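Novice: Handing you a structure now.
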Amino acid sequence: MDILSKKVLDKTVAEWINAFPLIKDIMNENEVLWTNPALLPFDDALKTLTLTKEDIDDASRRLDRFRSYFKRVFPETAEADGLIESPLYEALEMRHGLTEKYGVTLPSQLLIKLDSHLPISGSIKARGGIYEVLTLAERIAIAEGGLKETDDYAILADEKYKRLFSKYSVAVGSTGNLGLSIGIMSAKLGFRVTVHMSADAREWKKDMLRSKGVTVVEYENDYSVAVENGRREAEGDPFCHFIDDENSTTLFLGYSVAAERLRRQLDNAGIIINEENPLYVYLPCGVGGGPGGVAFGLKMQFGDNVHCFYAEPTHSPCMILGMLTGEHNKISVGDFGIDNRTIADGLAVGRASGFVGKETLHLMDGCYTVKDERLSALLKLLADKEDIYLEPSALAGAFGPVILARSADIPQGVHLVWATGGSMVPKDEMKKYYMAGEAVYGKY
């Protein structure tokens, strides 16, 4: 059947293109920038939200309670007093490299938030994934183990609590990094844990999980099938907690805490964000939980002085399609003949989170897409200029300042690329990523 005559919900694909002409470029896997007409002034957007700043503050306090536990079981967190946080890096050479390579004028300040180097699991998923496991552990320990919020949470590493947690299991569907964070954290606490992984998940991630005692179930299908199977397994077991990246407000709030910490880092660096010096943030996006949670937190911190963009591969543009059409999780990239096959395995998602799309609809400035070859070229550029090595998916944010500059005069202010993962990639795997970048560098 001709793709244009295919029915998607109540319209043919041709009718969708007529209603939203940008869909044609998206279907042709062109790089596009979509500016969001539903963006509202922050005070108005606040009235549309289901979550609040108090919810973020509650999550922040919970993470603080666990700091002594982290110091005890993850020595790499001791230097930061049990805080799971990443550096903020000013990328002077990368800014020059982008300017030279793409012939655009960029602002004087380009920052990278190195969630690629977060302790424990080396990706942004260490925020939301670990936080949801901690929330579960705290609830069980208070209900059944006599824990009080005023206790020193280092006691949760005692055998008594490990035995208690071993009665329960955790399940999650993942393309890779969420599974790593949840698997590592759950196994450390003593939970039994199963990670349902899609076909595009990397072998080294599966191997690492198995080495931690995690059960890995593999699927030949994409992310949505892995999630659905994980959900189904948990439904039949009252002692199994399913972590739902598509719909979990707990995950979302774990990510949102990043914003208050970023604000402290900016303050410490003497960088003031205000109307004259706004913040532009570029967030690699798969199903949406991580970038959506971060954007939500950023808007709570900076209001109208922060501008957030989702960044997606051209082969997996699920969030831009969902937000553009207003149909969110009711449509998938496959509905429009897009294959959802990308080197950016963490972003290889065909259907966006409906919860995240709706919750952030009035907060996001827009979405853009990036070709796989561009991700590879940017990986090489960042490695050459800054000696920072990221996963391909984490480079989606790096094209944000360029695509904005190509569409108009780039706004002055602070431009921040959120680097979502890469520090745990094995050296031989990273070498392959770098060589792929070398092969396409001159063209992209």
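Identifiers for the structure tokens are assigned positionally: chains receive A, B, ... in sequence, residues are indexed from 1 per chain, and ligands are indexed from 1 in the order shown.
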Ile23 in chain A: which residues within 9 Å, counting only C-alpha atoms, same-chain residues fewer than 5 positions away excluded, as a ChimeraX atom specification?
Specialist: /A:16-18,28,321,324,336
Novice: Take the residues from that selection and write them out as a PDB file, in the first residue's frame, keeping N, CA and C atoms.
Specialist:
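What follows is the written file again-v2.pdb:
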ATOM      1  N   TRP A  16      -2.279  13.980   6.972  1.00  0.00           N
ATOM      2  CA  TRP A  16      -1.410  14.468   8.059  1.00  0.00           C
ATOM      3  C   TRP A  16      -0.377  15.443   7.498  1.00  0.00           C
ATOM      4  N   ILE A  17       0.205  15.111   6.340  1.00  0.00           N
ATOM      5  CA  ILE A  17       1.194  16.004   5.742  1.00  0.00           C
ATOM      6  C   ILE A  17       0.560  17.336   5.353  1.00  0.00           C
ATOM      7  N   ASN A  18      -0.652  17.279   4.848  1.00  0.00           N
ATOM      8  CA  ASN A  18      -1.359  18.505   4.487  1.00  0.00           C
ATOM      9  C   ASN A  18      -1.598  19.384   5.716  1.00  0.00           C
ATOM     10  N   ASN A  28      11.092  11.954   5.270  1.00  0.00           N
ATOM     11  CA  ASN A  28      12.253  11.834   4.385  1.00  0.00           C
ATOM     12  C   ASN A  28      13.567  11.779   5.164  1.00  0.00           C
ATOM     13  N   LEU A 321       7.043  14.036  16.448  1.00  0.00           N
ATOM     14  CA  LEU A 321       5.780  13.645  15.809  1.00  0.00           C
ATOM     15  C   LEU A 321       4.618  13.721  16.788  1.00  0.00           C
ATOM     16  N   LEU A 324       4.056  17.587  17.664  1.00  0.00           N
ATOM     17  CA  LEU A 324       3.621  18.326  16.476  1.00  0.00           C
ATOM     18  C   LEU A 324       2.152  18.053  16.160  1.00  0.00           C
ATOM     19  N   PHE A 336       4.430   6.336  10.012  1.00  0.00           N
ATOM     20  CA  PHE A 336       4.803   7.215   8.908  1.00  0.00           C
ATOM     21  C   PHE A 336       5.955   6.631   8.081  1.00  0.00           C
TER      22      PHE A 336
END
Novice: Find the nearest atom pair between each residue of range 238-313 of chain A and range 351-365 of chain A for residues within 9 Å, count only C-alpha atoms, give distances in Å to one decimal, sort rows by chain and ascending number, and present the table as CSV.
Specialist:
residue,atom,partner,partner_atom,distance
A:Asp245,CA,A:Ser353,CA,7.9
A:Glu246,CA,A:Ser353,CA,4.6
A:Asn247,CA,A:Phe355,CA,5.7
A:Ser248,CA,A:Phe355,CA,8.4
A:Thr249,CA,A:Phe355,CA,8.6
A:Phe252,CA,A:Val356,CA,8.3
A:Gly286,CA,A:Ala352,CA,7.2
A:Val287,CA,A:Ala352,CA,4.5
A:Gly288,CA,A:Ser353,CA,6.0
A:Gly289,CA,A:Val356,CA,6.3
A:Gly292,CA,A:Val356,CA,6.0
A:Gly293,CA,A:Val356,CA,8.1
A:Ala295,CA,A:Met364,CA,7.5
A:Phe296,CA,A:Thr360,CA,6.9
A:Lys299,CA,A:Leu363,CA,7.2
A:His307,CA,A:Asp365,CA,5.8
A:Cys308,CA,A:Met364,CA,5.3
A:Phe309,CA,A:Asp365,CA,5.8
A:Tyr310,CA,A:Met364,CA,7.8
Novice: Skip Ser224 in chain A itself and residues of its chain fewer than 2 positions away, then list as a list in words all residues within 9 Å of it, counting only C-alpha atoms.
Specialist: Gly173, Ser174, Ser198, Asn221, Asp222, Ala226, Val227, Glu228, Asn229, Val349, Gly350 and Arg351 of chain A
Novice: Return as a PyMOL selection string the full set of residues in range 60-274 of chain A whose backbone-based DSSP assignment is alpha helix (DSSP H).
Specialist: chain A and resi 60-65+67-73+92-102+125-144+159-165+177-189+203-211+223-235+249-256+258-268
Novice: Measuring atom to atom with only C-alpha atoms, identify which of A:Lys113, A:His196, A:Lys212, A:Lys148 is nearest to Ala234 in chain A.
Specialist: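 Among the listed residues, the smallest separation from Ala234 in chain A belongs to A:His196.
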